[in-house]
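Beneath this line is the structure, given in structure tokens, with notes to follow.
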Amino acid sequence: MNSQPNFVNEELLHELSESFRLNSKMPSELYARFDVKRGLRNADGTGVLAGMTRLGNVHGYLLNEGEREPIEGRLTYRGYNVYDLIHGLEQENRFGFEEVGYLLMCGKLPTRQQLDEFQRTIGLERALPDNFTEDMIMRAPSRDIMNKLAGATLALYSYDENPDETTVENIMRQGISLMAKFPVIISHAYQAKRRYFDGDSMFLHVPDPERSTAENILHLVRPNGKYSDDEAKLLDRCLILHAEHGGGNNSSFTVRVTSSSGTDTYSAIAAAVSALKGPRHGGANLRVVKQFEEMKANLSDWTDEGAVADYLCKILDGAAGDGSGLIYGMGHAIYTKSDPRAVALKAAARPLAEKKGYSDEFNLIELVEKLTPGAFAEARGADTKVMCANVDMYSGLVYKMLGIPQEMFTPLFATARIVGWIAHRMEEVAFGGRIIRPAFKPLSKNVPYIPIDNRG
């Protein structure tokens with residue numbers, strides 16, 4: 001690919017950047033003085049209450065006389081415990097992502113007839129518009145599939161005969177269409193990336209309207225289009241666990257903020273995709289994978305608890321890993337004793353790891369989960385808070401065992417979360433009523449205008 005010429009030289013960039021830094025300092029003590037809720041977080045780490053939702057509830061602790069009391073994590077969709085949904089689907093040996101999408105977007109579990117019609121509609125909506133892949137994906141392929149997904153989502157606006165109407169009916173229509181098309185967009189974007197940036201062959205399979213979302217993803221991504229039922233069911237579980245996580249997570253709140261302005265569905269969802277890409281949000285699963293790749297390369301014995309604990313301390317000290325001092329995959333803003341998504345994925349990953357020869361990697365991840373709290377306490381010189389593995393700790397291994405390339409990890413997250421985003425958009429448009437507009441404390445003082453020839 002030919003890149004655009006860069007006319008901004010490094011010296012100018014440094015000068016401009018230094019000017020910004022010198023004139024934009026934000027003393028940390030001012031946050032406390034003005035009671036600024038950094039990250040919309042209260043002093044105790046809880047989130048600032050900014051809205052209401054009937055969609056998802058993330059429960060990870062109790063407040064006892066002003067102090068957090070750790071509890072086992074609980075995730076509910078429209079009041080249903082996510083464990084109960086997964087176990088029910090497993091007992092009936094069915095795919096469930098579409099059913100969970102119906103639950104989140106419509107407010108109740110469907111009857112068999114309602115689910116059949118919903119799935120039939122999704123199947124018919126899977127096909128992209130004529131020449132969309134050629135014009136919107138192949139003509140300008142991207143190294144990052146999330147960027148291409150955001151761009152393609154915006155492009156779909158041009159193919160919609162009624163893109164701007166914000167009735168619940170129209171948003172529902174658009175949401176079903178995006179839910180159906182996301183697997184095809186990310187798969188074709190990945191194939192374009194392989195062709196133009198990796199020098200590999202490109203395989204463009206046609207989506208099957210009769211197959212589930214999980215089955216279509218594996219069919220579209222794999223060169224031969226083949227997969228086992230167990231593999232598709234495991235991916236289906238991943239999609240269910242990523243479908244919704246309350247209104248306060250960064251990408252869902254982005255949907256709320258943009259939707260409150262009255263913008264169209266495609267703009268709101270593209271903004272959410274962009275938010276999810278960030279390594280502090282959906283992109284964290286890639287950080288976990290890279291962290292374990294480095295750990296495996298530097299540890300001669302993955303079962304040596306002492307060596308693993310020492311290495312974790314090095315990561316926390318910034319002497320190993322990416323220098324951030326973070327052990328990715330451990331800890332969560334809300335969950336304390338356990339992240340139910342990680343618990344569910346771990347249980348599903350164990351038998352597949354044994355079957356596919358990944359037991360050593362699985363055991364290393366489990367060991368890091370066990371040793372991190374102690375390593376944290378040792379590195380910081382104090383007792384640490386209760387912490388648990390989050391969903392990113394095991395999702396990367398699951399995707400790896402399913403033969404899904406790393407470039408697809410975060411796009412798969414988006415493909416699952418689209419149903420939660422659409423549901424949050426409908427709630428905000430139907431019941432929000434006001435544009436979201438928090439305040440920021442201005443720190444600049446009034447200064448007189450200086451003629452250009454008198455400036456230093």
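Quick note on naming: the chains in the structure tokens go A, B, ... in the order shown, residues restart at 1 in each chain, and ligands are numbered from 1 in order of appearance.
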
How close does stretch 110-205 of chain A get to stretch 422-428 of chain A? List, as CSV, each residue of stretch 110-205 of chain A within 7 Å, its nearest atom pair and the distance in Å to one decimal, counting only C-alpha atoms.
residue,atom,partner,partner_atom,distance
A:Val168,CA,A:Met426,CA,6.1
A:Ile171,CA,A:Met426,CA,6.8
A:Gly175,CA,A:Ile422,CA,5.7

If you run DSSP on the backbone, which residues of stretch 66-164 of chain A are alpha helix (DSSP H), as a PyMOL selection string? chain A and resi 82-91+97-106+112-125+132+145-156

Go through A:Glu210, A:Thr133, A:Ser324, A:Arg237 one by one, measure the shortest atom-to-atom distance of each to A:Gly88 using only C-alpha atoms, and give the residue with the smallest value.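 For A:Gly88, the nearest of the candidates is A:Arg237.
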
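Using only C-alpha atoms, the protein and nucleic acid residues lying no more than 8 Å from A:Thr258, apart from those fewer than 3 places from it along its own chain, are A:Thr254, A:Val255, A:Ser261, A:Gly262, A:Thr263, A:Ser267, A:Ala268, A:Ala271.
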
Just N, CA and C atoms for this one: save the residues we selected as a PDB file, in the first residue's frame.
ATOM      1  N   THR A 254     -20.291   5.725  25.580  1.00  0.00           N
ATOM      2  CA  THR A 254     -20.091   6.492  24.346  1.00  0.00           C
ATOM      3  C   THR A 254     -21.353   6.479  23.494  1.00  0.00           C
ATOM      4  N   VAL A 255     -21.992   5.309  23.397  1.00  0.00           N
ATOM      5  CA  VAL A 255     -23.263   5.225  22.674  1.00  0.00           C
ATOM      6  C   VAL A 255     -24.305   6.142  23.312  1.00  0.00           C
ATOM      7  N   SER A 261     -27.256  13.251  21.700  1.00  0.00           N
ATOM      8  CA  SER A 261     -27.162  14.448  20.852  1.00  0.00           C
ATOM      9  C   SER A 261     -28.159  14.408  19.701  1.00  0.00           C
ATOM     10  N   GLY A 262     -28.776  13.237  19.469  1.00  0.00           N
ATOM     11  CA  GLY A 262     -29.716  13.097  18.367  1.00  0.00           C
ATOM     12  C   GLY A 262     -29.088  12.598  17.085  1.00  0.00           C
ATOM     13  N   THR A 263     -27.832  12.165  17.145  1.00  0.00           N
ATOM     14  CA  THR A 263     -27.158  11.698  15.931  1.00  0.00           C
ATOM     15  C   THR A 263     -27.741  10.371  15.458  1.00  0.00           C
ATOM     16  N   SER A 267     -23.446   6.633  13.251  1.00  0.00           N
ATOM     17  CA  SER A 267     -22.447   7.478  13.904  1.00  0.00           C
ATOM     18  C   SER A 267     -22.241   7.057  15.357  1.00  0.00           C
ATOM     19  N   ALA A 268     -23.337   6.761  16.054  1.00  0.00           N
ATOM     20  CA  ALA A 268     -23.242   6.363  17.463  1.00  0.00           C
ATOM     21  C   ALA A 268     -22.495   5.040  17.613  1.00  0.00           C
ATOM     22  N   ALA A 271     -18.741   5.349  16.847  1.00  0.00           N
ATOM     23  CA  ALA A 271     -18.050   5.941  17.996  1.00  0.00           C
ATOM     24  C   ALA A 271     -17.790   4.884  19.064  1.00  0.00           C
TER      25      ALA A 271
END

Interatomic distance between atom CA of A:Ser359 and atom CA of A:His87? 24.1 Å

Can you pull out every residue within 12 Å of A:Thr167, counting only C-alpha atoms, but drop anything in the same chain fewer than 2 positions away, and send it as a list of chain:residue names?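 Surrounding residues, per the criterion: A:Asn162, A:Pro163, A:Asp164, A:Glu165, A:Glu169, A:Asn170, A:Ile171, A:Met172, A:Arg173, A:Gln174, A:Gly262, A:Asp264, A:Thr265, A:Arg425, A:Met426, A:Glu427, A:Glu428, A:Val429, A:Ala430, A:Phe431.
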
Proximity to A:Leu154 - best of A:Phe253, A:Asp35, A:Gly123, A:Ala270, only C-alpha atoms: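 Checking each of A:Phe253, A:Asp35, A:Gly123, A:Ala270 against A:Leu154, counting only C-alpha atoms, the winner is A:Ala270.
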
Can you tell me which residues surround stretch 406-410 of chain A at a distance of at most 10 Å, considering only C-alpha atoms, apart from same-chain residues fewer than 5 positions away, and format the answer as a list in words? Arg143, Asp144, Ile145, Met146, Ile186, Ser187, Ala189, Tyr190, Lys193, Val221, Val273, Leu276, Lys277, Gly278, Pro279, His281, Gly282, Gly283, Ala284, Asn285, Leu286, Val289, Lys290, Ser395, Gly396, Tyr399, Lys400, Thr415 and Ala416 of chain A

What's around A:Pro209 at 8 Å? Count only C-alpha atoms, leave out sequence neighbours fewer than 4 positions away in its own chain, and write the answer as a list of chain:residue names.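 In the requested format, the answer is A:Arg120, A:Ile122, A:Gly123, A:Leu124, A:Arg126.
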
Gap from atom CA of A:Gly225 to atom CA of A:Arg341 - Å, one decimal: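 Straight-line distance from atom CA of A:Gly225 to atom CA of A:Arg341 works out to 28.0 Å.
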
Hey, what's within 12 Å of A:Ile217 if we count only C-alpha atoms and toss same-chain stuff fewer than 6 positions away? As a ChimeraX atom specification, please? /A:126,180-188,190,204-208,211,223,225-227,231-233,235-236,239,399,402-404,408-409,411-412,415-416

Could you tell me which of A:Ala414, A:Val391, A:Tyr335, A:Asn147 comes closest to A:Pro70 if we count only C-alpha atoms?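 Among A:Ala414, A:Val391, A:Tyr335, A:Asn147, it is A:Tyr335 that comes nearest to A:Pro70.
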
Counting only C-alpha atoms, which residue out of A:Tyr61, A:Trp421, A:Phe440, A:Tyr80 sits closest to A:Ile176? A:Trp421

Figure out the distance between atom CA of A:Cys106 and atom CA of A:Phe118, please, to one decimal in Å.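 Distance between the two atoms: 10.9 Å.
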
Between A:Leu220, A:Val100, A:Ala127, A:Asp301, which is the closest to A:Leu115 once you count only C-alpha atoms?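 The shortest atom-to-atom distance to A:Leu115 comes from A:Val100.
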
When distances are computed from only C-alpha atoms, which of A:Val447, A:Met136, A:Cys313, A:Ala43 shows the smallest separation from A:Glu67?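 Of A:Val447, A:Met136, A:Cys313, A:Ala43, the one nearest A:Glu67, counting only C-alpha atoms, is A:Ala43.
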
Write down as a list in words the residues of stretch 63-103 of chain A whose backbone DSSP state falls under strand (DSSP E).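 DSSP-assigned strand (DSSP E) residues in stretch 63-103 of chain A: Leu63, Asn64, Glu67, Arg68, Glu69, Pro70, Ile71, Glu72, Gly73, Arg74, Leu75, Thr76, Tyr77, Tyr80 and Asn81 of chain A.
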
Mind dumping the selected residues with all heavy atoms as a short mmCIF file (atom, residue, chain, number, x, y, z; two decimals), in the first residue's frame?
data_model
loop_
_atom_site.label_atom_id
_atom_site.label_comp_id
_atom_site.auth_asym_id
_atom_site.auth_seq_id
_atom_site.Cartn_x
_atom_site.Cartn_y
_atom_site.Cartn_z
N LEU A 63 -21.28 -2.19 49.63
CA LEU A 63 -20.77 -1.06 50.41
C LEU A 63 -21.26 -1.22 51.85
O LEU A 63 -22.45 -1.15 52.13
CB LEU A 63 -21.24 0.27 49.82
CG LEU A 63 -20.52 0.75 48.56
CD1 LEU A 63 -21.12 2.05 48.06
CD2 LEU A 63 -19.03 0.91 48.81
N ASN A 64 -20.31 -1.46 52.75
CA ASN A 64 -20.63 -1.68 54.16
C ASN A 64 -20.03 -0.54 54.98
O ASN A 64 -18.82 -0.46 55.15
CB ASN A 64 -20.07 -3.02 54.62
CG ASN A 64 -20.50 -3.38 56.03
OD1 ASN A 64 -21.21 -2.63 56.69
ND2 ASN A 64 -20.07 -4.54 56.49
N GLU A 67 -17.32 1.24 53.14
CA GLU A 67 -16.19 0.45 52.66
C GLU A 67 -16.67 -0.68 51.76
O GLU A 67 -17.74 -1.25 51.98
CB GLU A 67 -15.40 -0.13 53.84
CG GLU A 67 -14.69 0.93 54.68
CD GLU A 67 -13.79 0.31 55.73
OE1 GLU A 67 -13.70 -0.94 55.76
OE2 GLU A 67 -13.17 1.06 56.50
N ARG A 68 -15.84 -0.99 50.76
CA ARG A 68 -16.18 -2.08 49.85
C ARG A 68 -16.04 -3.43 50.55
O ARG A 68 -15.03 -3.69 51.20
CB ARG A 68 -15.26 -2.07 48.64
CG ARG A 68 -15.56 -0.99 47.63
CD ARG A 68 -14.80 -1.29 46.35
NE ARG A 68 -14.94 -0.23 45.38
CZ ARG A 68 -14.60 -0.37 44.09
NH1 ARG A 68 -14.12 -1.51 43.67
NH2 ARG A 68 -14.74 0.62 43.25
N GLU A 69 -17.02 -4.26 50.38
CA GLU A 69 -16.97 -5.63 50.90
C GLU A 69 -16.99 -6.58 49.70
O GLU A 69 -18.00 -6.67 48.99
CB GLU A 69 -18.18 -5.89 51.81
CG GLU A 69 -18.16 -7.24 52.47
CD GLU A 69 -19.32 -7.40 53.43
OE1 GLU A 69 -19.44 -6.58 54.36
OE2 GLU A 69 -20.12 -8.34 53.24
N PRO A 70 -15.89 -7.27 49.42
CA PRO A 70 -15.81 -8.12 48.23
C PRO A 70 -16.85 -9.24 48.24
O PRO A 70 -17.13 -9.83 49.29
CB PRO A 70 -14.39 -8.69 48.30
CG PRO A 70 -13.63 -7.73 49.16
CD PRO A 70 -14.62 -7.25 50.17
N ILE A 71 -17.40 -9.52 47.07
CA ILE A 71 -18.33 -10.63 46.90
C ILE A 71 -18.04 -11.29 45.56
O ILE A 71 -17.31 -10.74 44.73
CB ILE A 71 -19.80 -10.17 46.93
CG1 ILE A 71 -20.07 -9.18 45.79
CG2 ILE A 71 -20.18 -9.59 48.28
CD1 ILE A 71 -21.53 -8.82 45.62
N GLU A 72 -18.60 -12.47 45.34
CA GLU A 72 -18.48 -13.12 44.05
C GLU A 72 -19.22 -12.29 43.00
O GLU A 72 -20.32 -11.79 43.25
CB GLU A 72 -19.05 -14.54 44.09
CG GLU A 72 -18.36 -15.48 45.08
CD GLU A 72 -16.92 -15.76 44.70
OE1 GLU A 72 -16.56 -15.58 43.51
OE2 GLU A 72 -16.14 -16.18 45.58
N GLY A 73 -18.61 -12.14 41.84
CA GLY A 73 -19.20 -11.30 40.80
C GLY A 73 -20.50 -11.87 40.25
O GLY A 73 -20.67 -13.10 40.17
N ARG A 74 -21.38 -10.97 39.85
CA ARG A 74 -22.67 -11.37 39.28
C ARG A 74 -22.98 -10.47 38.09
O ARG A 74 -22.92 -9.24 38.20
CB ARG A 74 -23.77 -11.26 40.33
CG ARG A 74 -25.11 -11.86 39.92
CD ARG A 74 -26.03 -11.97 41.13
NE ARG A 74 -27.29 -12.62 40.81
CZ ARG A 74 -28.42 -11.97 40.49
NH1 ARG A 74 -28.41 -10.64 40.46
NH2 ARG A 74 -29.52 -12.62 40.21
N LEU A 75 -23.30 -11.07 36.96
CA LEU A 75 -23.65 -10.34 35.74
C LEU A 75 -25.04 -10.79 35.31
O LEU A 75 -25.28 -11.99 35.14
CB LEU A 75 -22.63 -10.62 34.64
CG LEU A 75 -22.94 -10.06 33.24
CD1 LEU A 75 -23.04 -8.54 33.28
CD2 LEU A 75 -21.89 -10.52 32.23
N THR A 76 -25.94 -9.83 35.16
CA THR A 76 -27.30 -10.17 34.74
C THR A 76 -27.68 -9.40 33.49
O THR A 76 -27.28 -8.25 33.30
CB THR A 76 -28.33 -9.87 35.85
OG1 THR A 76 -28.27 -8.48 36.20
CG2 THR A 76 -28.07 -10.71 37.09
N TYR A 77 -28.45 -10.05 32.62
CA TYR A 77 -29.02 -9.43 31.43
C TYR A 77 -30.54 -9.38 31.61
O TYR A 77 -31.18 -10.43 31.70
CB TYR A 77 -28.71 -10.26 30.18
CG TYR A 77 -27.25 -10.35 29.77
CD1 TYR A 77 -26.85 -11.28 28.83
CD2 TYR A 77 -26.28 -9.51 30.32
CE1 TYR A 77 -25.52 -11.38 28.43
CE2 TYR A 77 -24.96 -9.60 29.93
CZ TYR A 77 -24.58 -10.54 28.99
OH TYR A 77 -23.26 -10.63 28.60
N TYR A 80 -31.75 -11.67 34.22
CA TYR A 80 -31.36 -13.07 34.14
C TYR A 80 -29.87 -13.21 34.43
O TYR A 80 -29.04 -12.54 33.79
CB TYR A 80 -31.65 -13.64 32.75
CG TYR A 80 -33.10 -13.82 32.42
CD1 TYR A 80 -33.80 -12.82 31.73
CD2 TYR A 80 -33.79 -14.98 32.77
CE1 TYR A 80 -35.15 -12.98 31.42
CE2 TYR A 80 -35.14 -15.15 32.46
CZ TYR A 80 -35.81 -14.14 31.78
OH TYR A 80 -37.14 -14.30 31.47
N ASN A 81 -29.52 -14.09 35.36
CA ASN A 81 -28.12 -14.36 35.64
C ASN A 81 -27.49 -14.99 34.39
O ASN A 81 -28.03 -15.92 33.81
CB ASN A 81 -28.01 -15.33 36.82
CG ASN A 81 -26.58 -15.46 37.33
OD1 ASN A 81 -25.65 -15.69 36.57
ND2 ASN A 81 -26.41 -15.33 38.63
#

Pull the closest atom pair for each residue of stretch 174-246 of chain A that gets at most 8 Å from stretch 48-57 of chain A, along with the distance in Å to one decimal, counting only C-alpha atoms, ordering rows by chain and then ascending residue number, as CSV.
residue,atom,partner,partner_atom,distance
A:Glu244,CA,A:Gly56,CA,6.3
A:His245,CA,A:Gly56,CA,5.8
A:Gly246,CA,A:Gly56,CA,4.6
